[in-house]
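For reference, data.cif is printed below; it contains mmCIF, C-alpha atoms.
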data_target
loop_
_atom_site.label_atom_id
_atom_site.label_comp_id
_atom_site.auth_asym_id
_atom_site.auth_seq_id
_atom_site.Cartn_x
_atom_site.Cartn_y
_atom_site.Cartn_z
CA TYR P 1 -16.38 26.30 -7.70
CA ALA P 2 -15.97 26.57 -11.46
CA ASP P 3 -15.71 30.35 -11.51
CA PHE P 4 -13.51 30.33 -8.42
CA LEU P 5 -10.97 27.95 -9.94
CA ALA P 6 -11.15 29.58 -13.34
CA GLU P 7 -10.18 32.84 -11.71
CA ALA P 8 -7.49 31.19 -9.58
CA TRP P 9 -5.90 29.66 -12.64
CA LYS P 10 -5.07 33.08 -13.96
CA SER P 11 -2.20 33.12 -11.46
CA PHE P 12 0.28 30.25 -11.35
CA ARG P 13 3.17 30.04 -8.93
CA THR P 14 6.58 28.84 -10.13
CA MET P 15 7.91 26.40 -7.54
CA PRO P 16 10.96 24.16 -7.07
CA ALA P 17 10.71 20.44 -6.33
CA ILE P 18 12.08 19.02 -3.10
CA SER P 19 13.72 15.61 -3.10
CA LYS P 20 13.46 13.61 0.11
CA PRO P 21 16.66 11.62 0.77
CA LYS P 22 16.22 7.92 0.10
CA GLU P 23 16.33 5.73 3.17
CA LYS P 24 19.18 3.30 3.38
CA PRO P 25 17.91 -0.13 2.25
CA VAL P 26 17.87 -3.00 4.71
CA PRO P 27 21.08 -4.92 3.90
CA PRO P 28 21.28 -8.72 3.93
CA VAL P 29 21.11 -10.45 7.31
CA LYS P 30 23.20 -13.51 8.07
CA TYR P 31 21.72 -16.07 10.39
CA ASP P 32 23.17 -18.98 12.38
CA ASN P 33 20.94 -22.04 12.69
CA ASN P 34 23.26 -23.91 15.08
CA GLN P 35 22.06 -22.22 18.25
CA VAL P 36 21.46 -24.94 20.85
CA LYS P 37 21.61 -22.92 24.05
CA PRO P 38 18.57 -23.21 26.34
CA LEU P 39 15.86 -20.63 25.91
CA LYS P 40 15.89 -17.77 28.38
CA ASN P 41 12.80 -16.10 29.75
CA ARG P 42 14.15 -12.56 29.63
CA PRO P 43 12.65 -9.18 28.78
CA LEU P 44 14.38 -7.33 25.94
CA PRO P 45 14.93 -3.58 25.85
CA TYR P 46 13.73 -1.60 22.86
CA ASP P 47 13.87 1.98 21.69
CA THR P 48 10.38 3.18 20.73
CA VAL P 49 6.86 2.03 19.94
CA ILE P 50 5.27 2.83 16.59
CA ALA P 51 1.46 2.88 16.66
CA PRO P 52 -0.51 2.07 13.48
CA ALA P 53 -2.48 4.76 11.68
CA ALA P 54 -6.25 4.42 11.60
CA ILE P 55 -7.88 3.87 8.21
CA PRO P 56 -9.32 7.27 7.29
CA GLU P 57 -12.78 7.65 5.85
CA GLN P 58 -12.56 8.15 2.12
CA PRO P 59 -13.21 11.69 0.89
CA LYS P 60 -16.62 12.69 -0.39
CA PRO P 61 -17.72 15.49 -2.73
CA VAL P 62 -18.27 18.79 -0.96
CA ALA P 63 -21.93 18.59 -1.91
CA PRO P 64 -24.02 15.72 -3.34
CA VAL P 65 -23.65 15.36 -7.10
CA PRO P 66 -27.20 14.96 -8.47
CA GLU P 67 -27.68 12.58 -11.37
CA VAL P 68 -28.82 14.20 -14.58
CA VAL P 69 -31.13 12.60 -17.15
CA GLN P 70 -29.33 13.05 -20.44
CA PRO P 71 -30.62 11.48 -23.65
CA ASP P 72 -27.40 12.38 -25.45
CA GLU P 73 -25.08 10.31 -23.32
CA SER P 74 -22.77 7.49 -24.29
CA LYS P 75 -20.78 4.90 -22.36
CA LYS P 76 -17.01 4.82 -22.50
CA SER P 77 -15.66 1.33 -21.86
CA PHE P 78 -12.31 0.11 -20.54
CA THR P 79 -10.79 -2.76 -18.56
CA PHE P 80 -9.53 -2.26 -15.03
CA TYR P 81 -7.63 -5.16 -13.47
CA GLY P 82 -9.67 -7.62 -15.47
CA ILE P 83 -13.05 -5.96 -14.81
CA SER P 84 -15.03 -4.60 -17.77
CA CYS P 85 -16.02 -1.08 -16.80
CA SER P 86 -17.94 1.76 -18.38
CA VAL P 87 -18.68 5.35 -17.43
CA SER P 88 -21.19 7.90 -18.70
CA TYR P 89 -19.94 10.62 -21.01
CA PRO P 90 -21.82 13.39 -22.85
CA SER P 91 -22.19 12.40 -26.50
CA ASP P 92 -22.09 15.99 -27.67
CA ASN P 93 -18.89 16.82 -25.81
CA ASN P 94 -15.69 16.63 -27.77
CA PHE P 95 -13.42 17.48 -24.87
CA ILE P 96 -10.08 18.64 -26.21
CA LEU P 97 -7.34 20.84 -24.87
CA SER P 98 -5.61 22.79 -27.62
CA ASP P 99 -2.89 24.11 -25.33
CA VAL P 100 -2.07 24.49 -21.64
CA ALA P 101 -2.28 28.25 -21.45
CA GLN P 102 -3.99 29.45 -18.28
CA LYS P 103 -6.93 30.83 -20.23
CA SER P 104 -7.48 27.48 -21.98
CA LEU P 105 -7.28 25.56 -18.71
CA SER P 106 -9.73 27.93 -17.09
CA LYS P 107 -12.20 27.48 -19.93
CA ALA P 108 -11.80 23.68 -19.93
CA TRP P 109 -12.39 23.39 -16.18
CA LYS P 110 -15.52 25.51 -16.46
CA ASN P 111 -16.73 23.17 -19.21
CA LEU P 112 -16.12 20.12 -17.01
CA SER P 113 -18.02 21.77 -14.15
CA ASP P 114 -21.23 21.68 -16.20
CA SER P 115 -23.91 19.35 -14.80
CA LYS P 116 -23.68 17.16 -17.92
CA PHE P 117 -20.57 15.59 -16.32
CA ASN P 118 -22.41 14.73 -13.10
CA ASN P 119 -23.17 11.19 -14.21
CA LEU P 120 -19.50 10.59 -14.99
CA ILE P 121 -18.54 11.66 -11.47
CA ASN P 122 -21.24 9.46 -9.94
CA ASP P 123 -20.22 6.45 -12.04
CA CYS P 124 -16.66 6.79 -10.77
CA LEU P 125 -17.74 7.12 -7.15
CA LYS P 126 -20.02 4.11 -7.54
CA ALA P 127 -17.14 2.06 -8.96
CA ARG P 128 -14.98 3.05 -5.99
CA LYS P 129 -17.64 1.64 -3.66
CA ASP P 130 -18.59 -1.45 -5.68
CA MET P 131 -14.98 -2.56 -6.18
CA ASN P 132 -13.95 -1.55 -2.66
CA LEU P 133 -11.12 0.52 -4.09
CA CYS P 134 -8.55 2.05 -1.78
CA ASP P 135 -7.38 5.55 -2.67
CA TRP P 136 -4.40 4.32 -4.70
CA ALA P 137 -6.59 1.96 -6.73
CA TYR P 138 -9.22 4.66 -7.23
CA LEU P 139 -6.62 7.03 -8.66
CA GLN P 140 -5.66 4.32 -11.17
CA PHE P 141 -9.32 3.76 -12.01
CA LEU P 142 -9.75 7.45 -12.80
CA ASP P 143 -6.69 7.33 -15.03
CA LYS P 144 -8.26 4.52 -17.08
CA ALA P 145 -11.64 6.26 -17.20
CA ALA P 146 -10.18 9.62 -18.26
CA LYS P 147 -8.14 8.06 -21.05
CA ALA P 148 -11.18 6.14 -22.30
CA CYS P 149 -13.18 9.38 -22.43
CA THR P 150 -10.56 11.57 -24.11
CA GLY P 151 -8.74 9.16 -26.40
CA ASN P 152 -5.10 9.94 -27.07
CA ASP P 153 -5.12 13.54 -25.85
CA ASN P 154 -2.76 13.21 -22.87
CA ASN P 155 -3.30 16.72 -21.53
CA ALA P 156 -7.08 16.42 -21.77
CA ALA P 157 -7.00 13.02 -20.07
CA LEU P 158 -4.87 14.35 -17.23
CA LEU P 159 -7.10 17.38 -16.74
CA LEU P 160 -10.17 15.14 -16.64
CA LYS P 161 -8.51 12.76 -14.16
CA ASP P 162 -7.56 15.69 -11.95
CA PHE P 163 -11.10 17.06 -12.16
CA LEU P 164 -12.64 13.71 -11.18
CA PHE P 165 -10.18 13.21 -8.31
CA CYS P 166 -10.82 16.74 -7.09
CA GLN P 167 -14.60 16.38 -7.34
CA SER P 168 -14.36 13.11 -5.39
CA GLY P 169 -12.95 15.12 -2.48
CA TYR P 170 -9.20 14.57 -2.84
CA GLU P 171 -6.46 17.15 -2.47
CA THR P 172 -4.84 17.75 -5.84
CA ARG P 173 -3.16 20.54 -7.80
CA LEU P 174 -2.31 21.06 -11.46
CA GLY P 175 1.04 22.13 -12.80
CA VAL P 176 2.46 22.99 -16.21
CA CYS P 177 5.92 21.87 -17.30
CA ASP P 178 7.39 21.99 -20.82
CA GLY P 179 3.98 22.32 -22.44
CA HIS P 180 2.47 19.39 -20.54
CA LEU P 181 0.00 19.24 -17.69
CA VAL P 182 1.19 17.62 -14.46
CA MET P 183 -1.11 16.30 -11.77
CA LEU P 184 0.16 16.73 -8.20
CA VAL P 185 -1.42 14.67 -5.43
CA ALA P 186 -1.18 15.35 -1.71
CA THR P 187 -0.81 12.41 0.64
CA SER P 188 -2.30 12.10 4.11
CA ARG P 189 -0.59 14.49 6.49
CA GLY P 190 2.88 13.38 7.50
CA VAL P 191 3.12 10.61 4.88
CA ASP P 192 6.04 10.72 2.46
CA ILE P 193 6.48 8.62 -0.68
CA TYR P 194 9.93 7.17 -1.34
CA ASP P 195 11.89 8.11 -4.44
CA HIS P 196 9.46 10.84 -5.51
CA LYS P 197 10.16 14.54 -5.45
CA TYR P 198 7.47 16.71 -3.95
CA PHE P 199 6.46 20.36 -4.03
CA ASP P 200 5.82 22.10 -0.73
CA ILE P 201 2.66 24.17 -1.12
CA ASP P 202 1.82 26.00 2.09
CA GLY P 203 3.41 23.24 4.16
CA ILE P 204 1.67 20.37 2.33
CA HIS P 205 3.63 17.87 0.23
CA PHE P 206 2.26 17.44 -3.30
CA TYR P 207 3.71 14.65 -5.44
CA PRO P 208 3.89 14.82 -9.25
CA LEU P 209 3.73 11.02 -9.64
CA ASP P 210 4.46 11.00 -13.39
CA CYS P 211 6.95 13.84 -13.64
CA LYS P 212 10.52 14.30 -12.41
CA ALA P 213 10.92 17.99 -13.22
CA ASP P 214 12.74 20.20 -10.73
CA ASN P 215 10.56 23.27 -11.39
CA MET P 216 7.07 23.93 -12.71
CA ASP P 217 4.23 26.43 -12.65
CA ILE P 218 1.53 25.26 -10.25
CA CYS P 219 -2.04 26.39 -9.71
CA VAL P 220 -2.37 26.59 -5.93
CA ALA P 221 -6.16 27.05 -5.73
CA GLU P 222 -7.71 25.10 -2.85
CA PHE P 223 -11.06 23.38 -2.58
CA PRO P 224 -12.95 23.17 0.71
CA CYS P 225 -12.85 19.92 2.72
CA GLU P 226 -10.31 18.27 0.42
CA LYS P 227 -8.36 15.33 1.85
CA GLY P 228 -4.98 13.84 1.05
CA LEU P 229 -4.62 10.46 -0.59
CA SER P 230 -4.23 7.60 1.89
CA LEU P 231 -1.82 4.79 1.08
CA ILE P 232 -3.53 2.34 3.43
CA VAL P 233 -4.90 -0.54 1.34
CA GLY P 234 -7.47 -1.81 3.85
CA ASP P 235 -9.78 -4.60 2.70
CA GLU P 236 -9.26 -6.67 -0.42
CA GLN P 237 -9.85 -4.92 -3.74
CA HIS P 238 -12.62 -6.49 -5.84
CA PHE P 239 -10.71 -7.12 -9.03
CA ALA P 240 -11.32 -9.86 -11.57
CA SER P 241 -10.02 -13.26 -10.53
CA GLU P 242 -7.03 -14.55 -12.49
CA ILE P 243 -5.86 -17.47 -10.36
CA THR P 244 -2.14 -18.16 -10.39
CA GLN P 245 -0.60 -21.62 -10.62
CA LYS P 246 -0.42 -23.65 -7.42
CA ARG P 247 2.75 -23.34 -5.41
CA HIS P 248 3.67 -26.18 -3.09
CA LEU P 249 5.00 -25.05 0.29
CA LEU P 250 6.45 -27.64 2.69
CA SER P 251 7.85 -27.29 6.20
CA GLN P 252 11.27 -28.94 6.58
CA ARG P 253 10.90 -29.91 10.25
CA TYR P 254 7.23 -30.91 10.13
CA GLN P 255 6.87 -32.91 6.92
CA ASN P 256 3.11 -33.24 7.35
CA VAL P 257 2.72 -29.44 7.23
CA SER P 258 2.30 -28.39 3.62
CA ALA P 259 -0.02 -26.29 1.50
CA GLN P 260 -0.87 -25.66 -2.14
CA VAL P 261 -1.20 -21.90 -2.39
CA GLN P 262 -2.53 -19.64 -5.12
CA THR P 263 -3.36 -15.97 -5.36
CA ASN P 264 -4.95 -13.51 -7.77
CA LYS P 265 -2.61 -12.25 -10.49
CA GLU P 266 -4.73 -9.09 -10.91
CA LEU P 267 -4.10 -8.27 -7.25
CA ILE P 268 -0.37 -8.97 -7.67
CA ASP P 269 -0.28 -6.58 -10.65
CA PHE P 270 -1.95 -3.91 -8.53
CA TYR P 271 0.52 -4.37 -5.68
CA ASN P 272 3.32 -3.99 -8.22
CA THR P 273 2.24 -0.34 -8.72
CA TYR P 274 2.08 0.47 -5.02
CA PRO P 275 4.53 3.16 -3.83
CA GLN P 276 6.54 2.68 -0.66
CA SER P 277 5.98 5.33 1.97
CA GLN P 278 6.50 6.20 5.60
CA LYS P 279 4.68 8.31 8.16
CA GLY P 280 6.11 10.99 10.41
CA GLY P 281 9.61 10.48 9.06
CA ASP P 282 9.81 7.07 10.79
CA PHE P 283 11.23 4.32 8.59
CA GLY P 284 9.51 1.62 10.65
CA THR P 285 6.01 2.78 9.74
CA ARG P 286 6.27 1.57 6.14
CA TRP P 287 5.88 -2.09 7.16
CA GLN P 288 2.54 -1.38 8.81
CA TYR P 289 1.01 -0.65 5.39
CA TYR P 290 1.98 -4.14 4.22
CA ALA P 291 1.39 -6.11 7.42
CA ASN P 292 -2.09 -4.64 8.01
CA THR P 293 -3.29 -5.57 4.52
CA PRO P 294 -5.32 -8.81 4.60
CA LEU P 295 -4.35 -11.94 2.73
CA SER P 296 -6.62 -12.44 -0.28
CA GLU P 297 -9.47 -14.91 -0.03
CA THR P 298 -7.87 -17.00 -2.78
CA ALA P 299 -4.61 -17.32 -0.84
CA GLN P 300 -6.45 -18.02 2.41
CA GLU P 301 -8.38 -20.88 0.82
CA GLY P 302 -5.17 -22.72 -0.04
CA LEU P 303 -3.10 -21.87 3.03
CA TYR P 304 -5.27 -21.55 6.10
CA PRO P 305 -7.16 -24.89 6.14
CA ALA P 306 -3.84 -26.79 5.89
CA LEU P 307 -2.25 -24.82 8.71
CA LYS P 308 -5.33 -24.95 10.92
CA SER P 309 -5.44 -28.73 10.51
CA SER P 310 -1.76 -28.99 11.44
CA ILE P 311 -2.12 -27.08 14.72
CA ASN P 312 -5.55 -28.33 15.73
CA GLY P 313 -5.68 -29.19 19.45
CA MET P 314 -2.17 -27.89 20.22
CA ASN P 315 -1.17 -25.40 22.85
CA GLN P 316 -0.18 -21.95 21.61
CA SER P 317 3.58 -22.54 21.90
CA ASP P 318 3.56 -25.71 19.79
CA ALA P 319 1.15 -24.23 17.26
CA ALA P 320 3.27 -21.10 16.85
CA ASN P 321 6.42 -23.20 16.42
CA ILE P 322 4.79 -25.11 13.57
CA ILE P 323 3.72 -21.91 11.79
CA LEU P 324 7.11 -20.32 12.47
CA ASN P 325 9.05 -23.24 10.99
CA PHE P 326 6.69 -23.36 8.03
CA VAL P 327 7.49 -19.73 7.20
CA GLN P 328 11.18 -20.20 7.98
CA THR P 329 11.71 -23.23 5.75
CA SER P 330 9.02 -23.40 3.04
CA LEU P 331 10.07 -20.10 1.45
CA VAL P 332 13.31 -19.44 -0.42
CA TYR P 333 15.42 -16.62 1.00
CA LYS P 334 17.15 -14.19 -1.34
CA TYR P 335 18.11 -10.56 -0.86
CA ASP P 336 15.96 -7.93 -2.56
CA GLU P 337 19.05 -6.34 -4.06
CA GLU P 338 19.75 -9.57 -5.96
CA VAL P 339 16.20 -9.98 -7.24
CA TRP P 340 14.90 -6.43 -7.70
CA GLY P 341 18.00 -4.28 -7.46
CA TYR P 342 16.50 -2.36 -4.52
CA ASP P 343 14.76 -2.99 -1.21
CA ARG P 344 11.14 -3.97 -1.79
CA PRO P 345 8.72 -5.10 0.95
CA PHE P 346 5.96 -7.54 0.01
CA PHE P 347 2.30 -7.68 0.83
CA PRO P 348 1.44 -11.16 2.23
CA ASP P 349 0.05 -12.32 -1.14
CA GLU P 350 3.27 -11.28 -2.89
CA THR P 351 5.39 -13.40 -0.55
CA LEU P 352 3.29 -16.42 -1.49
CA TYR P 353 3.50 -15.56 -5.21
CA TYR P 354 7.12 -14.59 -5.88
CA PRO P 355 9.82 -17.30 -5.70
CA TYR P 356 12.07 -15.39 -3.29
CA CYS P 357 11.59 -13.28 -0.17
CA ASP P 358 13.64 -11.77 2.64
CA CYS P 359 13.34 -11.06 6.37
CA GLU P 360 10.73 -8.30 6.19
CA ASP P 361 8.46 -10.32 3.89
CA ARG P 362 8.59 -13.35 6.18
CA ALA P 363 7.88 -11.29 9.30
CA ILE P 364 4.91 -9.62 7.59
CA LEU P 365 3.49 -12.96 6.38
CA PHE P 366 4.01 -14.65 9.75
CA SER P 367 2.27 -11.78 11.54
CA ARG P 368 -0.67 -12.06 9.16
CA ILE P 369 -1.06 -15.83 9.59
CA VAL P 370 -0.87 -15.77 13.40
CA ARG P 371 -3.42 -12.99 13.68
CA ASP P 372 -5.80 -14.73 11.29
CA ILE P 373 -5.72 -18.35 12.45
CA MET P 374 -4.49 -18.14 16.07
CA HIS P 375 -6.28 -14.84 16.77
CA LEU P 376 -3.36 -13.46 18.75
CA GLU P 377 -1.86 -9.99 18.72
CA VAL P 378 1.45 -9.65 16.91
CA ILE P 379 4.00 -6.87 16.63
CA LEU P 380 6.96 -6.41 14.31
CA ILE P 381 10.42 -5.75 15.73
CA TYR P 382 12.68 -3.53 13.66
CA TYR P 383 16.34 -3.97 14.49
CA PRO P 384 18.89 -2.05 12.48
CA ASN P 385 19.09 -4.03 9.22
CA HIS P 386 16.53 -6.69 10.22
CA LEU P 387 12.81 -7.26 10.79
CA ALA P 388 11.34 -9.93 13.06
CA SER P 389 8.06 -10.41 14.92
CA ALA P 390 6.71 -11.16 18.40
CA VAL P 391 3.44 -12.67 19.62
CA ASN P 392 1.28 -11.79 22.61
CA PHE P 393 0.40 -15.32 23.77
CA THR P 394 -2.48 -15.76 26.20
CA GLU P 395 -0.75 -18.88 27.61
CA GLU P 396 2.63 -18.97 29.33
CA VAL P 397 5.36 -19.22 26.71
CA SER P 398 9.08 -19.02 27.54
CA GLY P 399 11.70 -17.10 25.66
CA ASP P 400 12.90 -13.59 24.93
CA TYR P 401 10.09 -11.04 25.01
CA LEU P 402 9.24 -7.36 24.80
CA LEU P 403 6.94 -5.77 27.34
CA VAL P 404 4.93 -3.22 25.34
CA ASN P 405 2.08 -1.23 26.91
CA GLY P 406 1.85 -3.83 29.66
CA LYS P 407 1.62 -6.78 27.23
CA LYS P 408 4.23 -9.50 26.82
CA TYR P 409 5.24 -10.21 23.20
CA VAL P 410 7.48 -13.28 22.76
CA VAL P 411 10.02 -13.07 19.94
CA CYS P 412 9.33 -15.16 16.83
CA ASP P 413 11.90 -14.70 14.06
CA PRO P 414 10.86 -16.17 10.67
CA THR P 415 14.35 -15.63 9.24
CA PHE P 416 16.31 -17.29 12.05
CA ILE P 417 16.08 -20.67 10.34
CA GLY P 418 15.34 -23.51 12.74
CA ALA P 419 15.07 -21.23 15.76
CA PRO P 420 12.05 -21.87 18.01
CA VAL P 421 9.63 -19.38 19.49
CA GLY P 422 11.41 -17.16 22.01
CA ARG P 423 14.80 -17.07 20.29
CA THR P 424 16.35 -13.74 19.27
CA MET P 425 18.59 -13.86 16.22
CA THR P 426 22.28 -13.75 17.08
CA GLY P 427 23.78 -10.29 16.88
CA MET P 428 20.55 -8.30 17.09
CA ASP P 429 20.89 -5.07 19.08
CA ASN P 430 17.69 -4.80 21.08
CA VAL P 431 18.64 -1.44 22.61
CA THR P 432 18.01 0.21 19.24
CA ALA P 433 15.05 -1.99 18.26
CA LYS P 434 11.60 -0.54 17.58
CA ALA P 435 8.30 -2.23 18.44
CA ILE P 436 5.87 -1.76 15.57
CA LEU P 437 2.25 -2.26 16.61
CA LEU P 438 -0.18 -3.82 14.12
CA ASP P 439 -3.94 -3.86 13.71
CA PHE P 440 -5.71 -6.87 15.19
#
Can you dump the structure from the file as structure tokens?
Amino acid sequence: YADFLAEAWKSFRTMPAISKPKEKPVPPVKYDNNQVKPLKNRPLPYDTVIAPAAIPEQPKPVAPVPEVVQPDESKKSFTFYGISCSVSYPSDNNFILSDVAQKSLSKAWKNLSDSKFNNLINDCLKARKDMNLCDWAYLQFLDKAAKACTGNDNNAALLLKDFLFCQSGYETRLGVCDGHLVMLVATSRGVDIYDHKYFDIDGIHFYPLDCKADNMDICVAEFPCEKGLSLIVGDEQHFASEITQKRHLLSQRYQNVSAQVQTNKELIDFYNTYPQSQKGGDFGTRWQYYANTPLSETAQEGLYPALKSSINGMNQSDAANIILNFVQTSLVYKYDEEVWGYDRPFFPDETLYYPYCDCEDRAILFSRIVRDIMHLEVILIYYPNHLASAVNFTEEVSGDYLLVNGKKYVVCDPTFIGAPVGRTMTGMDNVTAKAILLDF
């Protein structure tokens, strides 16, 4: 497709950016821990059910990229989340980009399409597989690799990153703004990234992740079989292991329930780059990305044995109450606006790492723990301004519940401090609540 794209790049389209309105952050939720009324066994109404998105298969090159035996090939080295990496690069290729004129871009892309860059593409694809990189991590890997290959030439590095992402099967476009190249990445259909302007190209949203310009010239050439970037993290990324200090977590009601937890700082640093998003314009979908991401093996090793020992031999109601109180009372509550200045959901590992968390972080962590050690289905419940959870027990458990797709999910609220299983937080409007299904 070198000639095809080279020809396409002779015609850029000037396009305006579109800014998606920012969702209203979840404001602080007040709770009352003096509720002593008997539990009721009552079904709760709710508005809608949000189903989780399936993890898509990662894109592949349109055709196999054959390896090429090249005696004049060097290795470009860099560090990626603590891992020492290297990729093949032609020794005789001094890849530079003198300007961003369409003719220069066309010539540069044709140069990159030469078979001498095949080994570079294959090395990147191999790293994606070996490190189990999700799409967002892979894009960051290509950024590191491109910069290592091109040095300090920002435009050349961006063109190379775009080329590698494109050749890996992803949907991407190049733009030019104020003499600089801009890489635009399409997300999976229907997925929008918060706080990022996008350009609508034939009905597809393309995000310039490192540029806030309102207008730019964009090459709209398409490649066959290209796929949008998925923001589902999936399985744990295989980064280097930089173990954090132990954090002691202790349940207030059950003094024998405690754990010394640690996580991987490299993983925390990666999560810190992760963009918030939603699917289908539904605000509730964003929590699925976090809740369906597994807890790291490092965090599991410190947390799960202690909790499993504490609930060993108990019925499901008692076991869930112990886990619920542990999450309610061992973590320090503070509003995101106070800590971060904006609403920020946490992956389960982040809740165990950072000193403060709020309702959504607790609900996500609780849902992860119950699925992993009790092997029960859990949903999240999104009320206006609050997030809780509910468990599909296989034993009879009393309390407020939602009947979703014929299954009974009993309310468990990790932010309603001291409240037992089955108690809905005071003031929650169930008529407008949404049931958010999670992977199991």
To one decimal place, how far is CA of Asn152 in chain P from CA of Thr79 in chain P in Å?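 Taking CA of Asn152 in chain P and CA of Thr79 in chain P, their separation equals 16.3 Å.
Evaluating the PyMOL selection byres ((chain P and resi 237) around 8) against the shown model yields Met131, Asn132, Leu133, Cys134, Asp235, Glu236, His238, Phe239 and Leu267 of chain P.
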Residues of the last selection are to be written out with C-alpha atoms, as a PDB file, in the frame of the given file.
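That gives us result-v7.pdb:
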ATOM      1  CA  MET P 131     -14.980  -2.560  -6.180  1.00  0.00           C
ATOM      2  CA  ASN P 132     -13.950  -1.550  -2.660  1.00  0.00           C
ATOM      3  CA  LEU P 133     -11.120   0.520  -4.090  1.00  0.00           C
ATOM      4  CA  CYS P 134      -8.550   2.050  -1.780  1.00  0.00           C
ATOM      5  CA  ASP P 235      -9.780  -4.600   2.700  1.00  0.00           C
ATOM      6  CA  GLU P 236      -9.260  -6.670  -0.420  1.00  0.00           C
ATOM      7  CA  HIS P 238     -12.620  -6.490  -5.840  1.00  0.00           C
ATOM      8  CA  PHE P 239     -10.710  -7.120  -9.030  1.00  0.00           C
ATOM      9  CA  LEU P 267      -4.100  -8.270  -7.250  1.00  0.00           C
TER      10      LEU P 267
END
Output as a Markdown table one row per residue of range 243-287 of chain P within 12 Å of range 356-374 of chain P: the closest atom pair and its distance in Å to one decimal place, counting all atoms listed in the file, sorted by chain and residue number ascending.
| residue | atom | partner | partner_atom | distance |
| --- | --- | --- | --- | --- |
| P:Gly284 | CA | P:Glu360 | CA | 10.9 |
| P:Arg286 | CA | P:Glu360 | CA | 10.8 |
| P:Trp287 | CA | P:Ile364 | CA | 7.6 |
Which residue gives the smallest distance to Phe283 in chain P among P:Gln316, P:Thr415, P:Asn385, P:Asn256, with only C-alpha atoms counted?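 When distances to Phe283 in chain P are compared using only C-alpha atoms, the smallest one comes from P:Asn385.
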Evaluate the PyMOL selection byres ((chain P and resi 110-116) around 9) and record the selected residues as a list in words, following the chain and residue labels used in the document.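 What the PyMOL selection byres ((chain P and resi 110-116) around 9) grabs from the file is Tyr1, Ala2, Asp3, Leu5, Ala6, Val65, Pro66, Glu67, Val68, Val69, Gln70, Glu73, Tyr89, Pro90, Phe95, Leu105, Ser106, Lys107, Ala108, Trp109, Phe117, Asn118, Asn119, Leu120, Leu160 and Phe163 of chain P.
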For Thr394 in chain P, find every residue with an atom within 12 Å (counting all atoms listed in the file), except residues of its own chain fewer than 6 positions away, and show them as a ChimeraX atom specification. /P:315-317,374-378,407-410
Pick from P:His248, P:Lys334, P:Lys40, P:Arg189, whichever lies nearest to Ala306 in chain P using only C-alpha atoms: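 Result for the nearest residue to Ala306 in chain P: P:His248.
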Could you give me, as an mmCIF file with C-alpha atoms, keeping the file's coordinate frame, the residues that sit within 12 Å of (-17.1, 1.4, -5.9) in the file's coordinates, counting all atoms listed in the file?
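Once written, result00.cif looks like this:
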data_model
loop_
_atom_site.group_PDB
_atom_site.id
_atom_site.type_symbol
_atom_site.label_atom_id
_atom_site.label_comp_id
_atom_site.auth_asym_id
_atom_site.auth_seq_id
_atom_site.Cartn_x
_atom_site.Cartn_y
_atom_site.Cartn_z
ATOM 1 C CA GLN P 58 -12.560 8.150 2.120
ATOM 2 C CA CYS P 85 -16.020 -1.080 -16.800
ATOM 3 C CA ILE P 121 -18.540 11.660 -11.470
ATOM 4 C CA ASN P 122 -21.240 9.460 -9.940
ATOM 5 C CA ASP P 123 -20.220 6.450 -12.040
ATOM 6 C CA CYS P 124 -16.660 6.790 -10.770
ATOM 7 C CA LEU P 125 -17.740 7.120 -7.150
ATOM 8 C CA LYS P 126 -20.020 4.110 -7.540
ATOM 9 C CA ALA P 127 -17.140 2.060 -8.960
ATOM 10 C CA ARG P 128 -14.980 3.050 -5.990
ATOM 11 C CA LYS P 129 -17.640 1.640 -3.660
ATOM 12 C CA ASP P 130 -18.590 -1.450 -5.680
ATOM 13 C CA MET P 131 -14.980 -2.560 -6.180
ATOM 14 C CA ASN P 132 -13.950 -1.550 -2.660
ATOM 15 C CA LEU P 133 -11.120 0.520 -4.090
ATOM 16 C CA CYS P 134 -8.550 2.050 -1.780
ATOM 17 C CA ASP P 135 -7.380 5.550 -2.670
ATOM 18 C CA ALA P 137 -6.590 1.960 -6.730
ATOM 19 C CA TYR P 138 -9.220 4.660 -7.230
ATOM 20 C CA PHE P 141 -9.320 3.760 -12.010
ATOM 21 C CA LEU P 142 -9.750 7.450 -12.800
ATOM 22 C CA GLN P 237 -9.850 -4.920 -3.740
ATOM 23 C CA HIS P 238 -12.620 -6.490 -5.840
ATOM 24 C CA PHE P 239 -10.710 -7.120 -9.030
#
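CA of Gly281 in chain P to CA of Asp400 in chain P spans 29.0 Å [interatomic distance, one decimal].
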Give as an MDAnalysis selection string the residues that the PyMOL selection byres ((chain P and resi 411-413) around 7) matches when applied to the coordinates above. chainID P and resid 388:391 400:401 409:410 414:416 421:424
Hey, can you check how far CA of Leu231 in chain P sits from CA of Lys279 in chain P?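 If I compute the distance from CA of Leu231 in chain P to CA of Lys279 in chain P, I get 10.2 Å.
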Draw an axis-aligned box over all listed atoms of range 123-141 of chain P, pad each side with 3 Å, and write its centre and edge lengths in Å, one decimal, as lines of an AutoDock Vina configuration file.
center_x = -12.3
center_y = 2.3
center_z = -6.9
size_x = 21.8
size_y = 15.7
size_z = 16.3
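The closest residue to Leu403 in chain P, picked from P:Met425, P:Ala54, P:Asn321, P:Ile379 and counting all atoms listed in the file, is P:Ile379.
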Proximity to Trp136 in chain P - best of P:Ala51, P:Val431, P:Val185, P:Val327, all atoms listed in the file: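 Among P:Ala51, P:Val431, P:Val185, P:Val327, it is P:Val185 that comes nearest to Trp136 in chain P.
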Polymer residues at most 9 Å from Gly82 in chain P, only C-alpha atoms, same-chain spacing of 4 or more positions, as an MDAnalysis selection string: chainID P and resid 239:242 266
